[in-house]
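These notes are about the structure you will find just below.
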Protein chains: 6
Amino acid sequence: MAKKMMVLPLFFAFSFLAASLSDALVQDFCVADLMSADTPSGFPCKKASLVTEKDFVFSGLGVAGNTSNLIKAAVTPAFTAQFPGVNGLGVSLARLDIAVGGVIPMHTHPAGSEILLVVEGVICAGFVSSANTVYFKTLNKGDIMIFPQGLLHFQINSGKTAALGFVSFSSPNPGLQILDFALFGNELPTDIVAKTTFLDPVTIKKLKGVLGGSG
Amino acid sequence: MAKKMMVLPLFFAFSFLAASLSDALVQDFCVADLMSADTPSGFPCKKASLVTEKDFVFSGLGVAGNTSNLIKAAVTPAFTAQFPGVNGLGVSLARLDIAVGGVIPMHTHPAGSEILLVVEGVICAGFVSSANTVYFKTLNKGDIMIFPQGLLHFQINSGKTAALGFVSFSSPNPGLQILDFALFGNELPTDIVAKTTFLDPVTIKKLKGVLGGSG
Amino acid sequence: MAKKMMVLPLFFAFSFLAASLSDALVQDFCVADLMSADTPSGFPCKKASLVTEKDFVFSGLGVAGNTSNLIKAAVTPAFTAQFPGVNGLGVSLARLDIAVGGVIPMHTHPAGSEILLVVEGVICAGFVSSANTVYFKTLNKGDIMIFPQGLLHFQINSGKTAALGFVSFSSPNPGLQILDFALFGNELPTDIVAKTTFLDPVTIKKLKGVLGGSG
Amino acid sequence: MAKKMMVLPLFFAFSFLAASLSDALVQDFCVADLMSADTPSGFPCKKASLVTEKDFVFSGLGVAGNTSNLIKAAVTPAFTAQFPGVNGLGVSLARLDIAVGGVIPMHTHPAGSEILLVVEGVICAGFVSSANTVYFKTLNKGDIMIFPQGLLHFQINSGKTAALGFVSFSSPNPGLQILDFALFGNELPTDIVAKTTFLDPVTIKKLKGVLGGSG
Amino acid sequence: MAKKMMVLPLFFAFSFLAASLSDALVQDFCVADLMSADTPSGFPCKKASLVTEKDFVFSGLGVAGNTSNLIKAAVTPAFTAQFPGVNGLGVSLARLDIAVGGVIPMHTHPAGSEILLVVEGVICAGFVSSANTVYFKTLNKGDIMIFPQGLLHFQINSGKTAALGFVSFSSPNPGLQILDFALFGNELPTDIVAKTTFLDPVTIKKLKGVLGGSG
Amino acid sequence: MAKKMMVLPLFFAFSFLAASLSDALVQDFCVADLMSADTPSGFPCKKASLVTEKDFVFSGLGVAGNTSNLIKAAVTPAFTAQFPGVNGLGVSLARLDIAVGGVIPMHTHPAGSEILLVVEGVICAGFVSSANTVYFKTLNKGDIMIFPQGLLHFQINSGKTAALGFVSFSSPNPGLQILDFALFGNELPTDIVAKTTFLDPVTIKKLKGVLGGSG
């Protein structure tokens with residue numbers, strides 16, 4: 001009986017503490033409201049009262065990407081746009097499927113460092129530093145490799161079976177700039193590409209044809 | 001006379017400098033507009049033209065919290081939700097009232113380090129590190145103690161009079177997770193609590209009863 | 001022909017990669033939407049589909065500021081308010097025009113460090129550290145000088161021709177607090193200025209008259 | 001011949017660019033020199049000239065942890081201490097092995113958010129927010145879940161086979177505070193634990209016995 | 001007996017977890033080793049094995065500063081230099097003693113925002129924004145006021161008794177630049193001060209005399 | 001006379017304030033000690049007592065770079081390695097000299113955004129976003145253009161006279177990765193370059209010959 005009487009004051013005490021931390025005013029997390037305009041720190045937060053456990057879980061990486069294409073590879077991201085729960089939390093993931101003979105072409109992530117984890121198969125991966133040193137290595141199942149932010153890097157299936165990897169980023173929105181796509185997959189004029197890369201116009205125009213670029 | 005004629009050009013010169021820094025476009029501060037959706041960096045700013053000195057002052061910590069409860073203690077926060085002027089500025093405050101025999105139970109602040117200042121009374125305070133080392137000490141009036149971000153810590157009135165403290169945080173919104181409340185004050189199922197804490201179901205259910213939890 | 005057939009799958013593969021990075025959901029940049037409310041990390045972003053190359057270019061620094069004033073100098077900023085393309089990108093610029101005998105008076109930038117580049121003329125520039133050490137030097141064309149964040153600093157045309165400089169900041173919105181303007185160009189009461197600066201009321205009132213202050 | 005003569009100047013031009021980015025002076029990465037004293041931003045960097053591709057690869061997560069223990073689970077980290085290549089790069093990884101009936105007990109990471117990826121088996125995972133809301137869900141192979149920084153969370157093998165997961169962190173050194181270990185696995189006096197958790201001394205002493213604590 | 005046999009494996013499991021987090025390799029905190037050279041993020045860390053609870057406690061703010069001076073006030077800091085435990089943790093404290101008629105003169109903290117808490121007496125405090133707006137208010141016991149980073153601000157004892165305040169900062173090393181000291185307490189030449197402040201040389205030389213400056 | 005007697009206490013009061021901010025313990029700035037090992041936040045600081053005004057000034061950008069090379073251009077950096085005064089201060093500068101017909105080839109800065117200021121001549125500059133949109137424009141004297149962090153960009157002298165530009169960065173050490181140098185100026189094997197860029201081996205080997213690469 002006495003215990004029962006003590007319960008309520010205690011409950012009130014804790015409620016008081018909790019009351020100061022109500023609905024939209026606590027920011028443990030900030031599930032992205034993708035309908036609102038982005039900000040330099042990420043998207044505005046979905047109302048806390050509307051957030052459920054589903055906002056923190058994403059199943060899209062459980063499905064293999066379609067590798068029936070020329071690079072024989074696919075990247076499936078779980079960045080803020082696909083998985084709004086990571087907004088503002090400094091980390092995101094992507095899935096790499098690389099069929100036999102496939103390759104993730106030379107690319108950079110302007111806004112994040114990356115760790116590759118090899119889950120199946122054999123991958124030859126590497127990057128080039130600002131000091132122009134090349135670091136590359138053949139990775140087996142269970143190996144991980146770090147690629148520092150903003151540097152050109154690549155992954156090649158160097159084994160005899162399909163490779164599966166997962167890449168973790170130091171940002172919920174690391175960005176992705178694929179070199180060939182940037183040079184040959186848009187309307188950047190051929191003469192500018194030539195002048196700034198030392199590639200000859202014939203090569204450039206051929207690759208623009210392959211990659212959907214014009215100009 | 002000549003001096004008077006020089007006044008205007010000077011005034012214009014400075015006005016020009018000031019003109020580049022008008023209304024909403026300078027961000028010395030960003031008083032929270034709590035009606036807008038939060039972002040990962042904090043709330044959008046109240047229009048600068050509506051900001052007055054009152055936005056930078058808060059009187060809520062001048063009133064003792066109600067310690068007539070089982071923990072014989074109260075926490076009164078001045079975080080962004082209570083004191084919108086701290087939004088975006090990297091610091092906030094709270095008041096601790098701990099009656100004789102009272103305690104601020106084991107808790108963490110997920111998003112900020114804390115400094116406790118003892119203003120009245122004697123407080124035994126401590127924290128446990130990631131390396132599982134315990135650091136605790138009896139603090140007297142005027143003593144301060146730092147609690148690194150995210151670590152479990154506690155404060156106990158170990159004196160014979162009421163204790164008063166103020167805690168400063170390295171964030172305008174440090175968060176607060178009270179251990180007992182997290183384990184026993186919500187609908188987390190008893191069997192999950194049991195499996196993840198090694199506490200027995202009877203103890204868990206008893207504390208759930210005390211702290212308002214279910215399941 | 002076979003090559004043609006390979007083109008499409010490759011194109012699709014890259015399209016897939018690009019698809020995950022559509023419109024408002026990539027944040028390489030965040031051109032400020034100045035009509036929206038600011039946040040602690042900067043302004044919300046203009047819709048990516050509305051962004052053009054014009055958002056990344058600013059021509060306002062190509063025009064000399066008007067130095068026909070008492071300080072014989074002018075500051076022309078390219079901060080977020082003038083050049084929304086820098087929003088969220090951690091850097092901005094301003095132009096300094098200092099006529100013969102002119103001076104950029106003692107001031108601070110509360111939110112950014114600064115590098116001065118002398119493009120024309122001779123400038124004597126300096127700053128005072130928290131340890132109260134004075135660092136100043138005469139700078140010639142091509143010289144650069146760094147002014148650490150938040151410290152009082154100044155620039156004086158110490159040559160016989162007009163001086164032109166450009167200042168770079170470690171923030172898109174470094175702020176600008178001109179000492180004389182802060183003390184004498186607003187309604188801060190004369191007795192408060194006197195008590196907090198040790199200047200005498202007569203001097204203060206005279207400068208308030210010159211700088212447009214009251215009180 | 002003419003081409004040959006053009007080669008050298010070009011080579012020199014690029015060398016000049018590269019020369020400004022020599023040895024220890026470029027900081028794309030900062031492989032930890034674990035023998036030096038840590039700093040708030042991480043360990044000092046290993047000399048760039050001694051860095052090889054091996055510094056960026058870690059094979060320790062390829063080996064299953066030993067789950068022959070009471071929790072039937074093991075955590076194998078690839079933080080800075082084990083994988084110095086992640087130092088300063090804002091991301092790290094760990095491997096979770098959870099045998100049938102096993103559990104990763106309630107814990108926090110004081111310095112990082114976490115994404116769990118389920119590679120094999122079925123895992124029930126969840127966390128408690130500052131607002132004391134519980135979010136938990138059963139995850140299948142390929143599912144990922146985000147746990148915001150500093151919040152209490154857990155993972156339970158809820159399937160009929162061994163579970164394998166990998167967790168990514170938003171920090172190279174996220175820390176790890178296991179609740180039971182913090183309360184019962186050190187010399188924190190029983191009466192302090194009792195006062196700050198509402199657990200009774202008998203329960204505490206029993207768990208201290210199990211977990212190696214004293215006092 | 002069976003229970004005893006279960007103890008060891010469990011103990012080993014947790015030991016394994018802890019083993020990955022040994023001595024210098026966990027960075028919950030980084031108590032400053034003031035004998036080592038500082039870095040942009042703070043001082044290198046004292047060896048974890050040498051850290052005790054004393055490193056996290058500071059008693060220097062318990063003693064009133066000596067206000068027998070012209071400003072009738074004293075500032076007692078607990079920054080990294082005095083309290084190495086705050087190194088890297090983003091927060092620090094200082095004590096303000098202001099006798100009747102005393103004043104903390106106009107000053108800035110280049111590297112941190114500040115919250116003032118009035119513990120005894122009445123303080124008139126204020127700051128000037130980049131937009132040159134003045135915000136000031138009379139604060140009573142228990143009131144708090146925020147001063148955004150880098151802006152000129154002041155505190156005046158406006159009551160009839162001694163005032164005591166504590167100020168919290170968003171940095172372990174916020175810096176302190178006292179305006180009068182910067183202008184008149186060093187060797188900055190009088191003519192430079194005159195040109196950059198519009199004060200007349202007689203006033204400057206008089207204040208240099210009072211504040212120990214030369215030149 | 002009375003005034004003289006007041007001088008000393010005031011001087012002492014300020015000395016007291018200053019005393020808390022002695023030598024190595026104030027961090028307004030952190031001039032790099034390039035002989036020490038770098039850290040993730042920059043180099044350790046030169047002893048404050050050894051710092052002079054010369055540490056904050058750099059004259060290397062006053063000299064035109066040598067453009068007698070194939071790209072007819074030169075980049076002269078003032079990053080931490082050349083100008084240790086910028087260490088830890090979040091901003092740096094470089095000089096661009098581009099002769100008639102010259103070009104700064106396609107490159108990225110992994111760790112900083114850039115603003116180009118055209119001081120002489122006409123420059124065509126542009127970048128490609130993660131969404132693969134191209135933004136480029138012809139810039140005249142006085143124009144500035146922002147290049148967001150980590151994205152491929154270029155500058156071409158598109159006028160009939162030599163061009164001079166200065167580029168400001170949001171980091172004291174932004175890094176520099178020149179595309180052609182990364183692909184063709186090191187020992188990255190030709191077959192890896194071919195697989196990851198879709199360039200043919202003949203083109204690659206030719207460019208390796210020009211740029212000094214092997215393999």
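Naming scheme: A, B, ... for chains in displayed order of the structure tokens; residues 1 onward per chain; ligands 1 onward as shown.
For stretch 16-128 of chain E, backbone-based DSSP assignment of alpha helix (DSSP H) covers Phe16, Leu17, Ala18 and Ala19 of chain E.
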Keeping only all heavy atoms, write the selected residues to a file as a PDB file, in the first residue's frame.
ATOM      1  N   PHE E  16      36.594 -10.443 -23.857  1.00  0.00           N
ATOM      2  CA  PHE E  16      36.935 -10.321 -25.268  1.00  0.00           C
ATOM      3  C   PHE E  16      36.453  -8.981 -25.806  1.00  0.00           C
ATOM      4  O   PHE E  16      37.181  -8.253 -26.471  1.00  0.00           O
ATOM      5  CB  PHE E  16      36.311 -11.462 -26.064  1.00  0.00           C
ATOM      6  CG  PHE E  16      36.515 -11.274 -27.526  1.00  0.00           C
ATOM      7  CD1 PHE E  16      37.755 -11.534 -28.102  1.00  0.00           C
ATOM      8  CD2 PHE E  16      35.502 -10.771 -28.321  1.00  0.00           C
ATOM      9  CE1 PHE E  16      37.960 -11.318 -29.453  1.00  0.00           C
ATOM     10  CE2 PHE E  16      35.716 -10.550 -29.670  1.00  0.00           C
ATOM     11  CZ  PHE E  16      36.936 -10.826 -30.238  1.00  0.00           C
ATOM     12  N   LEU E  17      35.230  -8.645 -25.468  1.00  0.00           N
ATOM     13  CA  LEU E  17      34.702  -7.363 -25.922  1.00  0.00           C
ATOM     14  C   LEU E  17      35.561  -6.226 -25.387  1.00  0.00           C
ATOM     15  O   LEU E  17      35.898  -5.291 -26.093  1.00  0.00           O
ATOM     16  CB  LEU E  17      33.254  -7.189 -25.446  1.00  0.00           C
ATOM     17  CG  LEU E  17      32.237  -8.080 -26.148  1.00  0.00           C
ATOM     18  CD1 LEU E  17      30.949  -8.100 -25.370  1.00  0.00           C
ATOM     19  CD2 LEU E  17      32.008  -7.595 -27.577  1.00  0.00           C
ATOM     20  N   ALA E  18      35.910  -6.324 -24.115  1.00  0.00           N
ATOM     21  CA  ALA E  18      36.688  -5.268 -23.488  1.00  0.00           C
ATOM     22  C   ALA E  18      38.103  -5.220 -24.047  1.00  0.00           C
ATOM     23  O   ALA E  18      38.705  -4.164 -24.164  1.00  0.00           O
ATOM     24  CB  ALA E  18      36.735  -5.473 -21.984  1.00  0.00           C
ATOM     25  N   ALA E  19      38.621  -6.367 -24.407  1.00  0.00           N
ATOM     26  CA  ALA E  19      40.003  -6.428 -24.871  1.00  0.00           C
ATOM     27  C   ALA E  19      40.222  -5.560 -26.100  1.00  0.00           C
ATOM     28  O   ALA E  19      41.302  -5.038 -26.328  1.00  0.00           O
ATOM     29  CB  ALA E  19      40.386  -7.871 -25.185  1.00  0.00           C
TER      30      ALA E  19
END
For chain B against chain E, with a cut-off of 6 Å and counting only C-alpha atoms, what is the closest atom pair and its distance in Å to one decimal for every residue that makes the cut, ordered by chain and number, as a tab-separated table?
residue	atom	partner	partner_atom	distance
B:Leu21	CA	E:Ala131	CA	5.9
B:Glu53	CA	E:Tyr135	CA	4.8
B:Phe56	CA	E:Ile146	CA	5.4
B:Val57	CA	E:Met145	CA	4.4
B:Phe58	CA	E:Ile144	CA	5.4
B:Ser59	CA	E:Asp143	CA	4.5
B:Leu61	CA	E:Gly142	CA	5.6
B:Gly62	CA	E:Gly142	CA	3.6
B:Gly90	CA	E:Ser170	CA	5.2
B:Val91	CA	E:Ser170	CA	5.0
B:Ala131	CA	E:Leu21	CA	5.9
B:Tyr135	CA	E:Glu53	CA	4.8
B:Gly142	CA	E:Gly62	CA	3.6
B:Asp143	CA	E:Ser59	CA	4.5
B:Ile144	CA	E:Phe58	CA	5.4
B:Met145	CA	E:Val57	CA	4.4
B:Ile146	CA	E:Phe56	CA	5.4
B:Ser170	CA	E:Val91	CA	5.0
Please produce an output containing all heavy atoms for each residue in the selection, written as a short mmCIF file (atom, residue, chain, number, x, y, z; two decimals), in the first residue's frame.
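Output contents, as saved in part-v1.cif:
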data_model
loop_
_atom_site.label_atom_id
_atom_site.label_comp_id
_atom_site.auth_asym_id
_atom_site.auth_seq_id
_atom_site.Cartn_x
_atom_site.Cartn_y
_atom_site.Cartn_z
N LEU B 21 24.62 43.17 -44.54
CA LEU B 21 24.41 42.26 -43.42
C LEU B 21 23.01 42.44 -42.85
O LEU B 21 22.82 42.49 -41.64
CB LEU B 21 25.47 42.54 -42.35
CG LEU B 21 26.92 42.36 -42.84
CD1 LEU B 21 27.89 43.07 -41.92
CD2 LEU B 21 27.24 40.89 -42.92
N GLU B 53 15.88 41.10 -26.97
CA GLU B 53 16.78 40.63 -25.91
C GLU B 53 16.14 39.50 -25.11
O GLU B 53 16.84 38.68 -24.54
CB GLU B 53 17.19 41.80 -25.00
CG GLU B 53 16.12 42.36 -24.09
CD GLU B 53 15.17 43.33 -24.80
OE1 GLU B 53 15.31 43.52 -26.03
OE2 GLU B 53 14.28 43.87 -24.13
N PHE B 56 17.21 35.92 -25.67
CA PHE B 56 18.54 35.47 -25.23
C PHE B 56 18.62 35.26 -23.72
O PHE B 56 19.68 34.93 -23.19
CB PHE B 56 19.60 36.48 -25.69
CG PHE B 56 19.62 36.66 -27.17
CD1 PHE B 56 19.18 37.83 -27.77
CD2 PHE B 56 20.04 35.61 -27.98
CE1 PHE B 56 19.18 37.96 -29.16
CE2 PHE B 56 20.04 35.74 -29.38
CZ PHE B 56 19.61 36.92 -29.96
N VAL B 57 17.48 35.47 -23.04
CA VAL B 57 17.45 35.33 -21.58
C VAL B 57 16.39 34.31 -21.19
O VAL B 57 15.33 34.22 -21.81
CB VAL B 57 17.14 36.70 -20.92
CG1 VAL B 57 17.02 36.56 -19.40
CG2 VAL B 57 18.22 37.72 -21.27
N PHE B 58 16.70 33.51 -20.16
CA PHE B 58 15.76 32.49 -19.68
C PHE B 58 15.77 32.51 -18.15
O PHE B 58 16.84 32.52 -17.54
CB PHE B 58 16.19 31.11 -20.21
CG PHE B 58 15.30 29.96 -19.82
CD1 PHE B 58 13.99 29.88 -20.30
CD2 PHE B 58 15.75 28.96 -18.97
CE1 PHE B 58 13.17 28.81 -19.95
CE2 PHE B 58 14.93 27.88 -18.63
CZ PHE B 58 13.64 27.81 -19.13
N SER B 59 14.59 32.54 -17.57
CA SER B 59 14.51 32.63 -16.10
C SER B 59 14.07 31.34 -15.44
O SER B 59 13.98 31.27 -14.21
CB SER B 59 13.55 33.77 -15.71
OG SER B 59 14.06 35.01 -16.14
N LEU B 61 15.49 28.60 -14.79
CA LEU B 61 16.39 27.88 -13.87
C LEU B 61 16.48 28.55 -12.51
O LEU B 61 17.13 28.04 -11.61
CB LEU B 61 17.81 27.77 -14.48
CG LEU B 61 17.92 27.11 -15.85
CD1 LEU B 61 19.37 26.75 -16.14
CD2 LEU B 61 17.05 25.86 -15.93
N GLY B 62 15.78 29.67 -12.34
CA GLY B 62 15.79 30.37 -11.06
C GLY B 62 14.83 29.76 -10.05
O GLY B 62 14.87 30.10 -8.87
N GLY B 90 25.71 25.47 -29.69
CA GLY B 90 26.66 24.50 -29.14
C GLY B 90 26.78 24.44 -27.65
O GLY B 90 27.74 23.85 -27.12
N VAL B 91 25.83 25.00 -26.93
CA VAL B 91 25.93 24.96 -25.46
C VAL B 91 24.52 25.09 -24.87
O VAL B 91 23.64 25.71 -25.47
CB VAL B 91 26.88 26.09 -24.96
CG1 VAL B 91 26.34 27.46 -25.29
CG2 VAL B 91 27.21 25.95 -23.49
N ALA B 131 36.07 1.70 -21.42
CA ALA B 131 37.02 0.68 -20.98
C ALA B 131 36.57 0.06 -19.65
O ALA B 131 37.29 -0.73 -19.06
CB ALA B 131 38.42 1.28 -20.84
N TYR B 135 34.94 6.14 -12.46
CA TYR B 135 35.51 7.36 -11.91
C TYR B 135 34.43 8.05 -11.08
O TYR B 135 33.43 8.48 -11.65
CB TYR B 135 35.97 8.29 -13.03
CG TYR B 135 37.00 7.69 -13.97
CD1 TYR B 135 36.61 7.07 -15.15
CD2 TYR B 135 38.36 7.72 -13.67
CE1 TYR B 135 37.55 6.50 -16.01
CE2 TYR B 135 39.30 7.16 -14.52
CZ TYR B 135 38.88 6.55 -15.69
OH TYR B 135 39.82 5.99 -16.53
N GLY B 142 31.34 24.54 -5.20
CA GLY B 142 32.36 25.16 -6.05
C GLY B 142 33.13 24.17 -6.90
O GLY B 142 33.79 24.56 -7.86
N ASP B 143 33.04 22.89 -6.58
CA ASP B 143 33.72 21.88 -7.41
C ASP B 143 32.97 21.69 -8.73
O ASP B 143 31.75 21.83 -8.80
CB ASP B 143 33.77 20.53 -6.68
CG ASP B 143 34.77 20.52 -5.53
OD1 ASP B 143 35.55 21.48 -5.42
OD2 ASP B 143 34.74 19.56 -4.74
N ILE B 144 33.75 21.36 -9.76
CA ILE B 144 33.13 21.01 -11.03
C ILE B 144 33.67 19.64 -11.47
O ILE B 144 34.78 19.25 -11.11
CB ILE B 144 33.37 22.05 -12.15
CG1 ILE B 144 34.85 22.18 -12.50
CG2 ILE B 144 32.81 23.40 -11.73
CD1 ILE B 144 35.12 23.15 -13.65
N MET B 145 32.85 18.92 -12.24
CA MET B 145 33.26 17.61 -12.75
C MET B 145 32.77 17.46 -14.18
O MET B 145 31.65 17.85 -14.50
CB MET B 145 32.70 16.48 -11.87
CG MET B 145 33.14 15.09 -12.33
SD MET B 145 32.73 13.80 -11.11
CE MET B 145 33.51 12.38 -11.93
N ILE B 146 33.62 16.88 -15.03
CA ILE B 146 33.27 16.67 -16.43
C ILE B 146 32.83 15.22 -16.65
O ILE B 146 33.46 14.29 -16.13
CB ILE B 146 34.46 17.03 -17.36
CG1 ILE B 146 34.16 16.76 -18.84
CG2 ILE B 146 35.74 16.28 -16.98
CD1 ILE B 146 33.61 17.91 -19.58
N SER B 170 27.75 20.47 -24.00
CA SER B 170 28.44 20.87 -25.24
C SER B 170 27.51 20.86 -26.45
O SER B 170 27.96 20.80 -27.58
CB SER B 170 29.61 19.91 -25.51
OG SER B 170 29.12 18.61 -25.76
#
task: Can you pull out every residue within 10 Å of B:Lys72, counting only C-alpha atoms, but drop anything in the same chain fewer than 5 positions away, and send it as an MDAnalysis selection string?
output: (chainID A and resid 9:10 13) or (chainID B and resid 66:67 97:104 157 162)
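Closest approach to E:His109 among E:Val202, E:Val193, E:Gly175, E:Phe43 is made by E:Gly175 (distances from only C-alpha atoms).
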- line: Min atom-atom distance to E:Gln155 from the set C:Leu34, C:Val210, C:Ile192, C:Ala182, counting only C-alpha atoms, belongs to C:Ile192
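Separating atom CA of D:Ile204 from atom CA of B:Thr161 is a distance of 28.2 Å.
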- prompt: So which bits of stretch 8-210 of chain C end up strand (DSSP E or B) when you DSSP the backbone, as a ChimeraX atom specification?
  reply: /C:32,39,42,45,57-58,73-78,92-98,103-108,114-120,123-128,134-139,144-147,153-157,163-169,177-178
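One finds atom CA of D:Thr190 at 26.2 Å from atom CA of B:Glu120.
Note that atom CA of E:Pro110 and atom CA of F:Leu50 are 21.8 Å apart.
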